[in-house]
Every structure is written in C-alpha cells, then in structure tokens.
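Below: one structure, written as structure tokens.
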Amino acid sequence: MGKLAIVVPCYNEEEVLETTVRELTGVISDLIIKKKIDSDSFILLVDDGSKDSTWTKIEEAHKLNPSVKGLKLAGNVGHQNALLAGLEYVEDKCDAAISIDADLQDDISVIEEMSDKWDNGCDIVYGVRSARTTDTFFKRTTAEGFYKLMKLMGVKSVYNHADFRLMTKRAICGLAQYKERNLFLRGIVPTIGYTSDCVYYERKERTAGESKYPLKKMLAFAFDGITSFSTKPMTFIMGLGIWMIIFAVIMGIYSLIRHGQGNVVTGWTSLWLAMWFIGGIITFSIGLVGEYIGKIYIEVKERPRYIIEKEL
Ligand code: UDP
Ligand code: MG
C-alpha cells in the first residue's frame with residue numbers, strides 16, 4: 001500500500017475531461033475504501049498546451065476536488081514529453097504512478113489489479129490490450145505490424161502495450177536518468193529493469209473527441225521509435241555492401257571466363273565489374289560511416305549504464 005498518482009496527458013480534451021475525471025476519482029476512492037492505496041492518492045492532469053478549454057476544465061475539477069491536480073505545460077510538446085513531464089513531476093510526491101490516456105480507451109477497471117501487482121513487489125506493471133476489436137481494421141493491422149517490426153529491429157518492447165502502465169517511484173527515478181530527447185517511452189521503460197508484470201484488458205473506443213494521432217503522426221511516431229532505438233538499419237546497409245562486393249567478385253570470375261571464351265560484346269566485362277564492385281564499395285562505406293554515427297548516437301543519448309536495485 002502507498003500513495004498512488006494517476007498521470008493523464010491531455011491535449012484538446014475538453015470533451016472527455018469531465019467523464020475522465022469522474023471515472024478516475026471513482027477508481028481512486030474505491031481503492032482507498034478497499035485500503036489498497038493511501039487516502040492522499042491523487043490524479044494529475046497534464047495540459048499539453050491545449051488550444052481549447054482543457055485548462056479551465058482542469059481548474060474547475062481541482063476546485064471541486066483537491067485530489068485532482070493540474071500541470072500546465074507552456075506549449076504543445078507531444079504525448080510522450082507531456083507524459084514524462086507528469087511522471088517527473090509526481091516522482092517525489094507519490095509511491096507509484098499510473099499513466100493513462102485522457103480518452104479512457106484503456107480499461108480503468110484493471111487499475112486495481114495493477115495496484116495488487118505493485119503490492120506483490122512489481123515495479124512496473126504493463127497494461128496490455130488483449131483484443132483490439134473496437135479499433136478499425138486499418139489501425140489494428142498497422143499497430144500490430146508496428147510492434148512486430150520493432151521486435152525485428154531488436155527494440156525491447158511489450159507487445160500491444162501502449163502507455164498505460166504503473167511505475168513505482170524508483171522505476172520513475174530510473175526513467176528520469178534517461179537523458180534522450182527523442183522520447184519513445186514504451187521502448188525505454190523495458191530497458192530500466194526491475195520486476196515487471198502485465199495486466200490484460202480490451203481496448204475500448206474513445207469516449208468522445210477525436211484521435212490526436214492521425215496517420216501522419218502515427219507513422220512519424222513509429223519511425224521515431226525505430227530510429228531512436230535501433231542501429232540495425234545501418235548494419236543492414238553495411239551487410240548489403242559486403243554482399244554486393246562478394247557478388248562482384250563471383251561475377252568477376254564468371255565474366256573473365258566468358259571473356260576468355262571470346263563471345264562477349266566489347267566493354268561488357270569491365271562495365272559489369274566496375275558497376276558492382278564500385279557499388280558494393282560505396283554501399284559498404286556508407287554503412288561503415290553509419291556504424292560510427294551509430295556509436296555517436298548511442299553516446300549522446302547518455303543513457304544510464306546500469307540501475308542498482310539492492311545492496312547488502
Ligand atoms: N496527447 C498529448 N499531446 C499531443 C497529442 C496527444 O498529450 O500532442 C494526449 C491525448 O490527450 C491523449 C493521449 O495523448 O490523452 C493519446 O492520444 P489519442 O487518444 O488521441 O491517441 P490514440 O489513442 O488515437 O492513439
Ligand atoms: Mg486514444
């Protein structure tokens with residue numbers, strides 16, 4: 001048992017805010033009654049530079065119920081940064097924090113299960129969508145394809161988990177040590193370590209308002225996720241270069257034999273060889289330079305090299 005904070009990033013969410021606050025305060029008071037969390041647990045609504053009345057709504061909610069707190073960012077910094085702002089803000093004000101989207105597409109009834117797992121010693125509890133029946137076919141296939149691609153690229157991430165998760169204070173403290181600017185939380189969190197577990201739920205439809213993630217933003221987000229974690233694309237280019245050179249050598253031997261046999265068009269051998277050989281060398285060189293850039297990229301992230309869990 002401990003003090004729980006629920007962190008909600010909100011961007012132009014005036015339509016859903018009232019319902020969200022009502023439902024979340026319901027969950028919190030229920031857990032307080034069941035003596036599963038401290039009575040001073042709270043909700044933090046992070047206004048990510050909304051252009052509508054979101055902040056006014058947050059102020060009103062705070063006036064009605066002081067356990068609803070607000071944090072207004074100076075401008076729109078995007079979902080991931082807004083979430084990080086909220087988590088870092090509550091880091092020393094709670095024992096654990098749950099992050100959830102404002103539209104309540106994630107099932108709040110599993111919050112109790114999350115808190116039970118926290119009680120059993122988990123530091124990170126991931127909310128995982130077991131079904132995506134309410135998502136459109138397009139959203140479902142693109143999203144699932146994305147998780148698979150991430151895995152192929154060697155990014156450690158939890159399949160079908162978005163940003164609905166519980167993190168204890170020390171896990172948030174670990175997260176705060178990641179200094180990178182290209183935030184992709186669902187890729188970073190699994191690299192922190194500590195004991196983790198999952199709870200499963202069905203993803204629901206948005207209660208109101210529109211998705212703040214149109215296709216363009218989704219693609220940019222996916223691209224960001226891969227390029228912020230994996231240097232595999234560069235290694236792939238280098239590998240490609242090596243194969244091209246090998247191919248050039250094999251074809252070189254072959255074309256020399258053909259040349260010896262004498263029945264080839266003049267210039268064919270030299271052109272053919274030069275094309276593959278130079279092409280291979282160029283591709284290989286780009287990949288090699290890429291490897292160095294990859295090293296620089298890992299360095300500038302200044303990620304923590306380790307996080308200590310216990311000492312005796
Ligand atoms: N959001 C944000 N800043 C942004 C865009 C979105 O804080 O620039 C918040 C938004 O208010 C919501 C969450 O991020 O709480 C997820 O957005 P949304 O539900 O629109 O995404 P989807 O569920 O469609 O992927
Ligand atoms: Mg949503």
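Chain labels follow the order of the structure tokens: the first chain is A, the next B, and so on; residue numbering restarts at 1 in every chain, and ligands are counted from 1 in their shown order.
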Counting only C-alpha atoms and all ligand atoms, give me one row per residue of chain A with an atom at most 9 Å from an atom of ligand 2, showing the shortest contact pair and its distance in Å to one decimal, sorted by chain then residue number, as JSON lines.
```
{"residue": "A:Asp101", "atom": "CA", "partner": "ligand 2", "partner_atom_place_in_ligand_line": "1 (Mg)", "distance": 6.2}
{"residue": "A:Ala102", "atom": "CA", "partner": "ligand 2", "partner_atom_place_in_ligand_line": "1 (Mg)", "distance": 7.4}
{"residue": "A:Asp103", "atom": "CA", "partner": "ligand 2", "partner_atom_place_in_ligand_line": "1 (Mg)", "distance": 5.4}
{"residue": "A:Leu104", "atom": "CA", "partner": "ligand 2", "partner_atom_place_in_ligand_line": "1 (Mg)", "distance": 7.1}
{"residue": "A:Gln105", "atom": "CA", "partner": "ligand 2", "partner_atom_place_in_ligand_line": "1 (Mg)", "distance": 5.6}
{"residue": "A:Asp106", "atom": "CA", "partner": "ligand 2", "partner_atom_place_in_ligand_line": "1 (Mg)", "distance": 8.1}
{"residue": "A:Lys204", "atom": "CA", "partner": "ligand 2", "partner_atom_place_in_ligand_line": "1 (Mg)", "distance": 8.9}
{"residue": "A:Glu205", "atom": "CA", "partner": "ligand 2", "partner_atom_place_in_ligand_line": "1 (Mg)", "distance": 7.8}
{"residue": "A:Arg206", "atom": "CA", "partner": "ligand 2", "partner_atom_place_in_ligand_line": "1 (Mg)", "distance": 5.9}
{"residue": "A:Glu210", "atom": "CA", "partner": "ligand 2", "partner_atom_place_in_ligand_line": "1 (Mg)", "distance": 8.2}
{"residue": "A:Ser211", "atom": "CA", "partner": "ligand 2", "partner_atom_place_in_ligand_line": "1 (Mg)", "distance": 5.8}
{"residue": "A:Lys212", "atom": "CA", "partner": "ligand 2", "partner_atom_place_in_ligand_line": "1 (Mg)", "distance": 7.4}
{"residue": "A:Tyr213", "atom": "CA", "partner": "ligand 2", "partner_atom_place_in_ligand_line": "1 (Mg)", "distance": 8.0}
```
- Task: Please provide as a ChimeraX atom specification all residues within 7 Å of segment 163-168 of chain A, with the sequence filter that same-chain residues fewer than 3 positions apart are discarded (counting only C-alpha atoms).
- Result: /A:95-100,114,123-127,171-172,186
- Within 10 Å of ligand 1, counting only C-alpha atoms and all ligand atoms, residues as a PyMOL selection string: chain A and resi 7-14+16-17+45-50+54+73+75-83+99-106+135+139+143+162-163+203-215+217-218
- Write out as a ChimeraX atom specification which residues come within 9 Å of Phe42 of chain A when counting only C-alpha atoms, dropping same-chain ones fewer than 4 positions away. /A:3-7,25,28,66-69,94
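Shortest separation to Ile108 of chain A among A:Trp55, A:Trp272, A:Phe184, A:Tyr201 occurs at residue A:Tyr201, atoms counted being only C-alpha atoms.
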Contact check, segment 177-199 of chain A to segment 283-298 of chain A, at most 12 Å, counting only C-alpha atoms, closest pairs as a tab-separated table:
```
residue	atom	partner	partner_atom	distance
A:Tyr178	CA	A:Ile298	CA	11.7
A:Lys179	CA	A:Ile298	CA	11.4
A:Glu180	CA	A:Ile298	CA	9.7
A:Arg181	CA	A:Tyr297	CA	11.6
A:Asn182	CA	A:Tyr297	CA	11.2
```
- Message: Taking 5 positions as the minimum chain separation for residues in the same chain, which residues sit within 10 Å of Glu113 of chain A when counting only C-alpha atoms? Answer as a ChimeraX atom specification.
- Response: /A:108,118-119,125,198-200
- Please run DSSP on the backbone and report, as a ChimeraX atom specification, all residues within segment 98-146 of chain A that come out as alpha helix (DSSP H). /A:111-119,137-146
Please produce a file of those selected residues containing N, CA and C atoms, as a PDB file, in the first residue's frame.
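Generated output (part.pdb):
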```
ATOM      1  N   ILE A 111      -6.977  -1.156 -13.009  1.00  0.00           N
ATOM      2  CA  ILE A 111      -6.089  -0.382 -12.141  1.00  0.00           C
ATOM      3  C   ILE A 111      -5.917  -1.091 -10.791  1.00  0.00           C
ATOM      4  N   GLU A 112      -7.019  -1.697 -10.330  1.00  0.00           N
ATOM      5  CA  GLU A 112      -6.953  -2.424  -9.062  1.00  0.00           C
ATOM      6  C   GLU A 112      -5.943  -3.579  -9.147  1.00  0.00           C
ATOM      7  N   GLU A 113      -6.016  -4.302 -10.283  1.00  0.00           N
ATOM      8  CA  GLU A 113      -5.086  -5.416 -10.498  1.00  0.00           C
ATOM      9  C   GLU A 113      -3.640  -4.902 -10.544  1.00  0.00           C
ATOM     10  N   MET A 114      -3.465  -3.737 -11.178  1.00  0.00           N
ATOM     11  CA  MET A 114      -2.126  -3.149 -11.241  1.00  0.00           C
ATOM     12  C   MET A 114      -1.617  -2.875  -9.833  1.00  0.00           C
ATOM     13  N   SER A 115      -2.500  -2.302  -9.014  1.00  0.00           N
ATOM     14  CA  SER A 115      -2.070  -1.948  -7.662  1.00  0.00           C
ATOM     15  C   SER A 115      -1.792  -3.204  -6.834  1.00  0.00           C
ATOM     16  N   ASP A 116      -2.541  -4.299  -7.106  1.00  0.00           N
ATOM     17  CA  ASP A 116      -2.260  -5.564  -6.408  1.00  0.00           C
ATOM     18  C   ASP A 116      -0.874  -6.085  -6.782  1.00  0.00           C
ATOM     19  N   LYS A 117      -0.556  -5.993  -8.082  1.00  0.00           N
ATOM     20  CA  LYS A 117       0.760  -6.488  -8.529  1.00  0.00           C
ATOM     21  C   LYS A 117       1.882  -5.635  -7.930  1.00  0.00           C
ATOM     22  N   TRP A 118       1.593  -4.359  -7.795  1.00  0.00           N
ATOM     23  CA  TRP A 118       2.559  -3.452  -7.156  1.00  0.00           C
ATOM     24  C   TRP A 118       2.777  -3.896  -5.711  1.00  0.00           C
ATOM     25  N   ASP A 119       1.661  -4.229  -5.033  1.00  0.00           N
ATOM     26  CA  ASP A 119       1.739  -4.717  -3.661  1.00  0.00           C
ATOM     27  C   ASP A 119       2.573  -5.993  -3.561  1.00  0.00           C
ATOM     28  N   PHE A 137      -9.983  -1.873 -38.680  1.00  0.00           N
ATOM     29  CA  PHE A 137      -9.086  -2.879 -39.241  1.00  0.00           C
ATOM     30  C   PHE A 137      -7.735  -2.253 -39.558  1.00  0.00           C
ATOM     31  N   PHE A 138      -7.807  -1.049 -40.106  1.00  0.00           N
ATOM     32  CA  PHE A 138      -6.574  -0.360 -40.506  1.00  0.00           C
ATOM     33  C   PHE A 138      -5.674  -0.074 -39.309  1.00  0.00           C
ATOM     34  N   LYS A 139      -6.276   0.507 -38.261  1.00  0.00           N
ATOM     35  CA  LYS A 139      -5.493   0.870 -37.073  1.00  0.00           C
ATOM     36  C   LYS A 139      -4.904  -0.384 -36.427  1.00  0.00           C
ATOM     37  N   ARG A 140      -5.714  -1.444 -36.413  1.00  0.00           N
ATOM     38  CA  ARG A 140      -5.277  -2.667 -35.772  1.00  0.00           C
ATOM     39  C   ARG A 140      -4.089  -3.282 -36.504  1.00  0.00           C
ATOM     40  N   THR A 141      -4.232  -3.427 -37.821  1.00  0.00           N
ATOM     41  CA  THR A 141      -3.145  -4.072 -38.566  1.00  0.00           C
ATOM     42  C   THR A 141      -1.889  -3.220 -38.569  1.00  0.00           C
ATOM     43  N   THR A 142      -2.037  -1.897 -38.729  1.00  0.00           N
ATOM     44  CA  THR A 142      -0.825  -1.063 -38.740  1.00  0.00           C
ATOM     45  C   THR A 142      -0.163  -1.124 -37.371  1.00  0.00           C
ATOM     46  N   ALA A 143      -0.970  -1.047 -36.320  1.00  0.00           N
ATOM     47  CA  ALA A 143      -0.384  -1.048 -34.979  1.00  0.00           C
ATOM     48  C   ALA A 143       0.315  -2.370 -34.693  1.00  0.00           C
ATOM     49  N   GLU A 144      -0.341  -3.486 -35.035  1.00  0.00           N
ATOM     50  CA  GLU A 144       0.269  -4.787 -34.745  1.00  0.00           C
ATOM     51  C   GLU A 144       1.508  -5.018 -35.592  1.00  0.00           C
ATOM     52  N   GLY A 145       1.442  -4.564 -36.854  1.00  0.00           N
ATOM     53  CA  GLY A 145       2.614  -4.662 -37.734  1.00  0.00           C
ATOM     54  C   GLY A 145       3.775  -3.886 -37.149  1.00  0.00           C
ATOM     55  N   PHE A 146       3.450  -2.755 -36.568  1.00  0.00           N
ATOM     56  CA  PHE A 146       4.467  -1.908 -35.961  1.00  0.00           C
ATOM     57  C   PHE A 146       5.182  -2.610 -34.808  1.00  0.00           C
TER      58      PHE A 146
END
```
- Task: Step one, run DSSP on the backbone; step two, keep only residues of segment 27-226 of chain A assigned to strand (DSSP E or B); then write them as a ChimeraX atom specification.
- Result: /A:42-47,68-72,96-99,124-131,161-168,196-202
Selected residues written out, C-alpha atoms, as a short mmCIF file (atom, residue, chain, number, x, y, z; two decimals), in the first residue's frame:
```
data_model
loop_
_atom_site.label_atom_id
_atom_site.label_comp_id
_atom_site.auth_asym_id
_atom_site.auth_seq_id
_atom_site.Cartn_x
_atom_site.Cartn_y
_atom_site.Cartn_z
CA PHE A 42 -4.33 11.86 -6.46
CA ILE A 43 -4.83 12.49 -10.18
CA LEU A 44 -2.51 14.73 -12.16
CA LEU A 45 -3.88 16.19 -15.37
CA VAL A 46 -1.09 17.47 -17.62
CA ASP A 47 -2.30 20.06 -20.08
CA VAL A 68 -7.38 16.39 -8.79
CA LYS A 69 -4.22 18.29 -9.58
CA GLY A 70 -3.13 20.07 -12.72
CA LEU A 71 0.11 20.83 -14.52
CA LYS A 72 0.06 23.19 -17.47
CA ALA A 96 3.76 4.78 -7.62
CA ALA A 97 2.19 6.39 -10.68
CA ILE A 98 -0.11 5.06 -13.36
CA SER A 99 -0.09 6.75 -16.73
CA ILE A 124 6.48 -1.90 -13.47
CA VAL A 125 3.07 -3.22 -14.48
CA TYR A 126 2.20 -3.01 -18.18
CA GLY A 127 -1.35 -2.71 -19.39
CA VAL A 128 -1.65 -4.95 -22.44
CA ARG A 129 -4.50 -4.95 -24.95
CA SER A 130 -5.71 -8.49 -25.33
CA ALA A 131 -8.12 -7.59 -28.11
CA HIS A 161 1.26 -2.27 -24.75
CA ALA A 162 0.85 1.46 -25.17
CA ASP A 163 1.41 3.94 -22.39
CA PHE A 164 -0.98 2.56 -19.80
CA ARG A 165 1.30 1.33 -17.04
CA LEU A 166 2.13 1.53 -13.38
CA MET A 167 5.61 2.52 -12.31
CA THR A 168 6.90 2.73 -8.78
CA SER A 196 7.57 -6.34 -14.11
CA ASP A 197 4.26 -7.94 -14.98
CA CYS A 198 1.31 -7.39 -17.29
CA VAL A 199 -2.42 -6.98 -16.86
CA TYR A 200 -4.73 -7.64 -19.80
CA TYR A 201 -7.76 -5.72 -20.98
CA GLU A 202 -9.81 -4.96 -24.02
#
```
- Query: Which distance in Å separates atom CA of Lys36 of chain A and atom CA of Arg22 of chain A, to one decimal?
  - Reply: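 For atom CA of Lys36 of chain A relative to atom CA of Arg22 of chain A, the distance reads 19.4 Å.
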- Of the listed residues A:Leu185, A:Ala61, A:Met150, A:Ile246, that which approaches Leu84 of chain A most closely, counting only C-alpha atoms: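 Of A:Leu185, A:Ala61, A:Met150, A:Ile246, the one nearest Leu84 of chain A is A:Leu185, counting only C-alpha atoms.
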- Message: Under the rule that only C-alpha atoms are counted, which of A:Met153, A:Val21, A:Ile226, A:Ile188 is the nearest residue to Leu175 of chain A?
- Response: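 When distances to Leu175 of chain A are compared using only C-alpha atoms, the smallest one comes from A:Ile188.
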